[in-house]
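Below: the structure, in structure tokens.
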Amino acid sequence: MKNLLKLADLSIEEIYQILESAKQFKTKQDSTTFENKIVANLFFEPSTRTQYSFQVAQEKLGLKMISFNPEGSSLAKGETFYDTVLTFASFGVDALVIRHVENNYYNQLSNIGVPIINAGDGTGNHPSQSLLDLYTIYEEFGTFQDLKIAIIGDIKHSRVAHSNLDVMKRLGMQVFISGPEIFKEEQYTYMPFEQAILEMDILMLLRVQTERHTQKVSYTNETYFLEYGLNVDRVKQMKDHAIIMHPAPFNREVEIASDVVECSKSRILKQIENGVYVRQAILKRSLEK
Ligand code: CP
């Protein structure tokens with residue numbers, strides 16, 4: 001049974017296998033479809049990209065899907081997260097795609113008996129996002145070795161940052177964090193924003209995740225944009241070949257200027273596109289015998 005809980009569980013070889021499988025889907029060399037398999041998408045936390053790109057991937061794979069609506073469910077009657085997942089497993093579905101606010105929620109599901117694909121756990125891991133980020137980087141540069149990336153912004157509350165920083169290091173990239181010092185985590189190498197703009201091959205911007213903050217931060221949208229927003233003038237200082245990434249949703253005129261979102265260096269929409277192929281590969285991996 002092949003779960004996808006966090007990338008730390010996968011060998012480098014397995015990561016490359018998923019990326020290669022995604023490429024096969026993208027280049028239409030893999031037309032795998034599944035008959036009579038059902039996947040349940042259990043999103044206990046809001047999502048646009050992850051939830052619906054999993055749905056598009058499921059449609060492309062010919063899967064049947066159930067999309068859980070937490071607001072209209074028996075959670076309102078006090079049913080627990082565990083019992084809700086147990087219910088879907090008992091329906092006999094073939095895989096569960098789950099997002100939940102609690103870090104490592106999947107630890108309590110080790111006996112559930114159905115493959116679990118983690119669509120994001122709290123501030124912990126977001127493996128399908130990391131894989132689509134890796135796919136996009138590999139597609140651009142053809143290698144990971146020695147590429148320099150700075151992940152900029154609210155590192156502390158970002159599961160994307162945590163997933164990516166670890167796996168990118170394992171793949172031979174030089175990884176840095178940047179942005180406001182209040183979001184810094186000591187285990188990662190910090191680089192001032194203005195230096196990162198000049199030196200990086202990849203600038204990966206993050207949203208300030210106010211919904212996860214327990215204390216009010218001193219930044220307003222305006223002051224954040226002035227100090228750390230990627231605007232056209234800053235983009236002009238980037239290396240010629242350097243690219244801009246963002247897992248999205250992005251806040252225009254906060255971490256990124258509106259006219260940078262679709263500029264020639266931006267790969268943000270490419271990331272979203274690649275997410276479908278990567279999620280086809282992830283679903284195939286979990287559903288194949
Ligand atoms: N990038 C990402 O996880 O976006 P969603 O929260 O919209 O799924």
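Chain labels run A, B, ... following the order of the structure tokens; each chain numbers its residues from 1, and ligands are numbered from 1 in the order shown.
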
#### Entry: Contacts to ligand 1 at 6 Å cut-off (only C-alpha atoms and all ligand atoms) as a VMD selection string
chain A and resid 47 to 51 247 to 249

Pull N, CA and C atoms from the residues just selected and write them as a short mmCIF file (atom, residue, chain, number, x, y, z; two decimals), in the first residue's frame.
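Result went into result_6.cif, see below:
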```
data_model
loop_
_atom_site.label_atom_id
_atom_site.label_comp_id
_atom_site.auth_asym_id
_atom_site.auth_seq_id
_atom_site.Cartn_x
_atom_site.Cartn_y
_atom_site.Cartn_z
N SER A 47 -9.12 24.81 0.16
CA SER A 47 -8.13 24.58 -0.90
C SER A 47 -8.79 24.85 -2.24
N THR A 48 -8.04 25.48 -3.12
CA THR A 48 -8.48 25.58 -4.52
C THR A 48 -7.59 24.69 -5.39
N ARG A 49 -6.28 25.03 -5.45
CA ARG A 49 -5.37 24.33 -6.37
C ARG A 49 -5.26 22.84 -6.08
N THR A 50 -4.97 22.50 -4.83
CA THR A 50 -4.70 21.10 -4.52
C THR A 50 -5.96 20.27 -4.72
N GLN A 51 -7.06 20.75 -4.15
CA GLN A 51 -8.31 19.99 -4.23
C GLN A 51 -8.76 19.78 -5.67
N PRO A 247 3.73 28.96 -4.52
CA PRO A 247 2.77 27.86 -4.50
C PRO A 247 1.34 28.33 -4.70
N ALA A 248 1.09 29.67 -4.44
CA ALA A 248 -0.24 30.25 -4.51
C ALA A 248 -1.15 29.59 -3.44
N PRO A 249 -2.20 30.25 -3.00
CA PRO A 249 -2.68 31.53 -3.51
C PRO A 249 -1.72 32.66 -3.17
#
```

### Contacts of region 174-189 of chain A at 7 Å (only C-alpha atoms; same-chain gap of 5+ positions) as a PyMOL selection string
chain A and resi 146-156+165+169+228

### Task
List every residue of region 143-259 of chain A that DSSP, applied to the backbone of this structure, assigns to helix (DSSP H, G or I), and report them as a PyMOL selection string.
chain A and resi 155-157+159-170+181-183+193-199+210-212+221-228+232-236+258-259

### Task
Determine, counting only C-alpha atoms, which protein, DNA and RNA residues have an atom within 6 Å of an atom of region 121-128 of chain A; residues of the same chain fewer than 6 positions away are not included. Present the result as a list in words.
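The residues that qualify are Lys6, Leu7, Arg99, His100, Val101, Glu102, Asn103, His157, Ser158, Arg159, Val160 and Ser163 of chain A.
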
### Task
Please give the complete set of residues from region 34-279 of chain A that DSSP, run on the backbone, assigns to strand (DSSP E or B), formatted as a PyMOL selection string.
chain A and resi 38-43+64-67+95-100+116-121+125+148-152+174-178+190+202-205+230+243-245+252+256+266

### Message
When you look at Ile116 (chain A) with a cut-off of 12 Å (counting only C-alpha atoms), what residues show up, excluding the ones that are within fewer than 5 positions of it in the same chain? I need them as a PyMOL selection string.
### Response
chain A and resi 1-6+39-42+85-86+88-89+93-99+105-111+127+282-283+285-287

Given the selection you just returned, output its residues as a file containing N, CA, C and O atoms, formatted as a tab-separated table (two decimals), in the first residue's frame.
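Saved file selection35.tsv follows:
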```tsv
chain	number	residue	atom	x	y	z
A	1	MET	N	0.85	-1.20	0.00
A	1	MET	CA	0.00	0.00	0.00
A	1	MET	C	0.88	1.25	0.00
A	1	MET	O	1.69	1.43	0.89
A	2	LYS	N	0.74	2.08	-1.03
A	2	LYS	CA	1.65	3.21	-1.15
A	2	LYS	C	0.98	4.52	-0.73
A	2	LYS	O	0.23	5.13	-1.48
A	3	ASN	N	1.28	4.90	0.51
A	3	ASN	CA	0.87	6.22	0.98
A	3	ASN	C	1.81	7.27	0.38
A	3	ASN	O	2.93	6.97	-0.01
A	4	LEU	N	1.37	8.52	0.41
A	4	LEU	CA	2.29	9.64	0.21
A	4	LEU	C	2.01	10.62	1.35
A	4	LEU	O	1.07	11.41	1.28
A	5	LEU	N	2.82	10.52	2.40
A	5	LEU	CA	2.57	11.33	3.61
A	5	LEU	C	3.54	12.50	3.68
A	5	LEU	O	3.15	13.62	3.91
A	6	LYS	N	4.83	12.19	3.47
A	6	LYS	CA	5.86	13.25	3.44
A	6	LYS	C	7.01	12.76	2.58
A	6	LYS	O	7.25	11.53	2.50
A	39	VAL	N	-11.89	7.31	-5.52
A	39	VAL	CA	-11.02	8.06	-4.61
A	39	VAL	C	-11.89	9.08	-3.87
A	39	VAL	O	-12.76	9.72	-4.47
A	40	ALA	N	-11.66	9.19	-2.57
A	40	ALA	CA	-12.38	10.21	-1.78
A	40	ALA	C	-11.42	11.36	-1.46
A	40	ALA	O	-10.31	11.13	-0.99
A	41	ASN	N	-11.87	12.55	-1.74
A	41	ASN	CA	-11.10	13.76	-1.44
A	41	ASN	C	-11.67	14.38	-0.16
A	41	ASN	O	-12.78	14.88	-0.15
A	42	LEU	N	-10.89	14.29	0.91
A	42	LEU	CA	-11.37	14.76	2.22
A	42	LEU	C	-10.59	16.02	2.59
A	42	LEU	O	-9.49	15.93	3.15
A	85	VAL	N	-12.79	9.71	8.70
A	85	VAL	CA	-11.91	9.00	7.75
A	85	VAL	C	-12.24	7.50	7.77
A	85	VAL	O	-12.33	6.86	6.71
A	86	LEU	N	-12.47	6.97	8.96
A	86	LEU	CA	-12.82	5.55	9.10
A	86	LEU	C	-14.09	5.21	8.30
A	86	LEU	O	-14.20	4.15	7.68
A	88	PHE	N	-15.18	6.73	5.54
A	88	PHE	CA	-14.87	6.66	4.10
A	88	PHE	C	-14.09	5.40	3.76
A	88	PHE	O	-14.31	4.77	2.72
A	89	ALA	N	-13.18	5.02	4.65
A	89	ALA	CA	-12.44	3.77	4.41
A	89	ALA	C	-13.42	2.60	4.38
A	89	ALA	O	-13.29	1.67	3.56
A	93	VAL	N	-13.54	2.76	-0.48
A	93	VAL	CA	-12.84	3.55	-1.50
A	93	VAL	C	-11.41	3.02	-1.66
A	93	VAL	O	-10.89	2.33	-0.77
A	94	ASP	N	-10.80	3.37	-2.78
A	94	ASP	CA	-9.47	2.82	-3.10
A	94	ASP	C	-8.32	3.72	-2.66
A	94	ASP	O	-7.17	3.26	-2.61
A	95	ALA	N	-8.59	4.98	-2.41
A	95	ALA	CA	-7.55	5.88	-1.89
A	95	ALA	C	-8.24	7.09	-1.26
A	95	ALA	O	-9.38	7.42	-1.59
A	96	LEU	N	-7.51	7.71	-0.34
A	96	LEU	CA	-8.03	8.89	0.35
A	96	LEU	C	-7.04	10.03	0.15
A	96	LEU	O	-5.84	9.87	0.43
A	97	VAL	N	-7.52	11.16	-0.34
A	97	VAL	CA	-6.69	12.37	-0.44
A	97	VAL	C	-7.16	13.28	0.69
A	97	VAL	O	-8.33	13.66	0.75
A	98	ILE	N	-6.24	13.58	1.62
A	98	ILE	CA	-6.67	14.27	2.85
A	98	ILE	C	-5.85	15.53	3.10
A	98	ILE	O	-4.61	15.51	3.04
A	99	ARG	N	-6.55	16.61	3.41
A	99	ARG	CA	-5.90	17.83	3.96
A	99	ARG	C	-6.54	18.11	5.32
A	99	ARG	O	-7.76	18.07	5.47
A	105	TYR	N	-1.38	14.60	11.04
A	105	TYR	CA	-2.69	13.99	11.29
A	105	TYR	C	-2.69	12.51	10.92
A	105	TYR	O	-3.41	11.69	11.49
A	106	TYR	N	-1.85	12.19	9.93
A	106	TYR	CA	-1.85	10.82	9.38
A	106	TYR	C	-1.32	9.79	10.36
A	106	TYR	O	-1.57	8.60	10.21
A	107	ASN	N	-0.62	10.23	11.40
A	107	ASN	CA	-0.10	9.26	12.39
A	107	ASN	C	-1.22	8.47	13.05
A	107	ASN	O	-1.06	7.30	13.39
A	108	GLN	N	-2.37	9.11	13.21
A	108	GLN	CA	-3.50	8.41	13.85
A	108	GLN	C	-4.27	7.52	12.86
A	108	GLN	O	-5.21	6.84	13.24
A	109	LEU	N	-3.84	7.52	11.58
A	109	LEU	CA	-4.56	6.75	10.57
A	109	LEU	C	-3.76	5.54	10.09
A	109	LEU	O	-4.07	4.96	9.05
A	110	SER	N	-2.78	5.13	10.89
A	110	SER	CA	-1.87	4.09	10.40
A	110	SER	C	-2.57	2.74	10.20
A	110	SER	O	-2.09	1.90	9.44
A	111	ASN	N	-3.74	2.53	10.82
A	111	ASN	CA	-4.44	1.25	10.66
A	111	ASN	C	-5.62	1.32	9.70
A	111	ASN	O	-6.43	0.39	9.65
A	127	PRO	N	3.43	17.29	0.30
A	127	PRO	CA	4.28	16.57	-0.66
A	127	PRO	C	3.88	16.74	-2.11
A	127	PRO	O	4.76	16.82	-2.98
A	282	ILE	N	1.04	10.65	-8.82
A	282	ILE	CA	0.89	10.27	-7.41
A	282	ILE	C	-0.29	9.29	-7.25
A	282	ILE	O	-0.19	8.28	-6.55
A	283	LEU	N	-1.39	9.59	-7.92
A	283	LEU	CA	-2.56	8.70	-7.82
A	283	LEU	C	-2.26	7.35	-8.43
A	283	LEU	O	-2.60	6.30	-7.86
A	285	ARG	N	0.60	5.88	-8.66
A	285	ARG	CA	1.51	5.17	-7.74
A	285	ARG	C	0.72	4.52	-6.58
A	285	ARG	O	1.00	3.39	-6.18
A	286	SER	N	-0.27	5.24	-6.07
A	286	SER	CA	-1.02	4.69	-4.92
A	286	SER	C	-2.05	3.65	-5.33
A	286	SER	O	-2.43	2.81	-4.51
A	287	LEU	N	-2.53	3.72	-6.57
A	287	LEU	CA	-3.64	2.84	-6.97
A	287	LEU	C	-3.18	1.56	-7.67
A	287	LEU	O	-3.93	0.56	-7.67
```

### Message
From the options A:Val276, A:Ile137, A:Ala161, A:Met65, which residue's atoms come nearest to Leu205 (chain A), counting only C-alpha atoms?
### Response
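That would be A:Ala161, the residue with the smallest distance to Leu205 (chain A).
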
### Message
Quick one: residues within 10 Å of region 10-16 of chain A, only C-alpha atoms, excluding same-chain residues fewer than 3 positions away - as a VMD selection string?
### Response
chain A and resid 4 to 7 19 to 22 131 134 to 135 167 170 to 171

### Coordinates-based distance that separates CA of Gln195 (chain A) from CA of Ser258 (chain A) (Å, one decimal)
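For CA of Ser258 (chain A) relative to CA of Gln195 (chain A), the distance reads 22.4 Å.
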
### Task
For each of A:Glu222, A:Asp240, A:Glu59, A:Asp259, take the minimum atom-to-atom distance to Gln280 (chain A), counting only C-alpha atoms, then give the residue where this is smallest.
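Among the listed residues, the smallest separation from Gln280 (chain A) belongs to A:Glu59.
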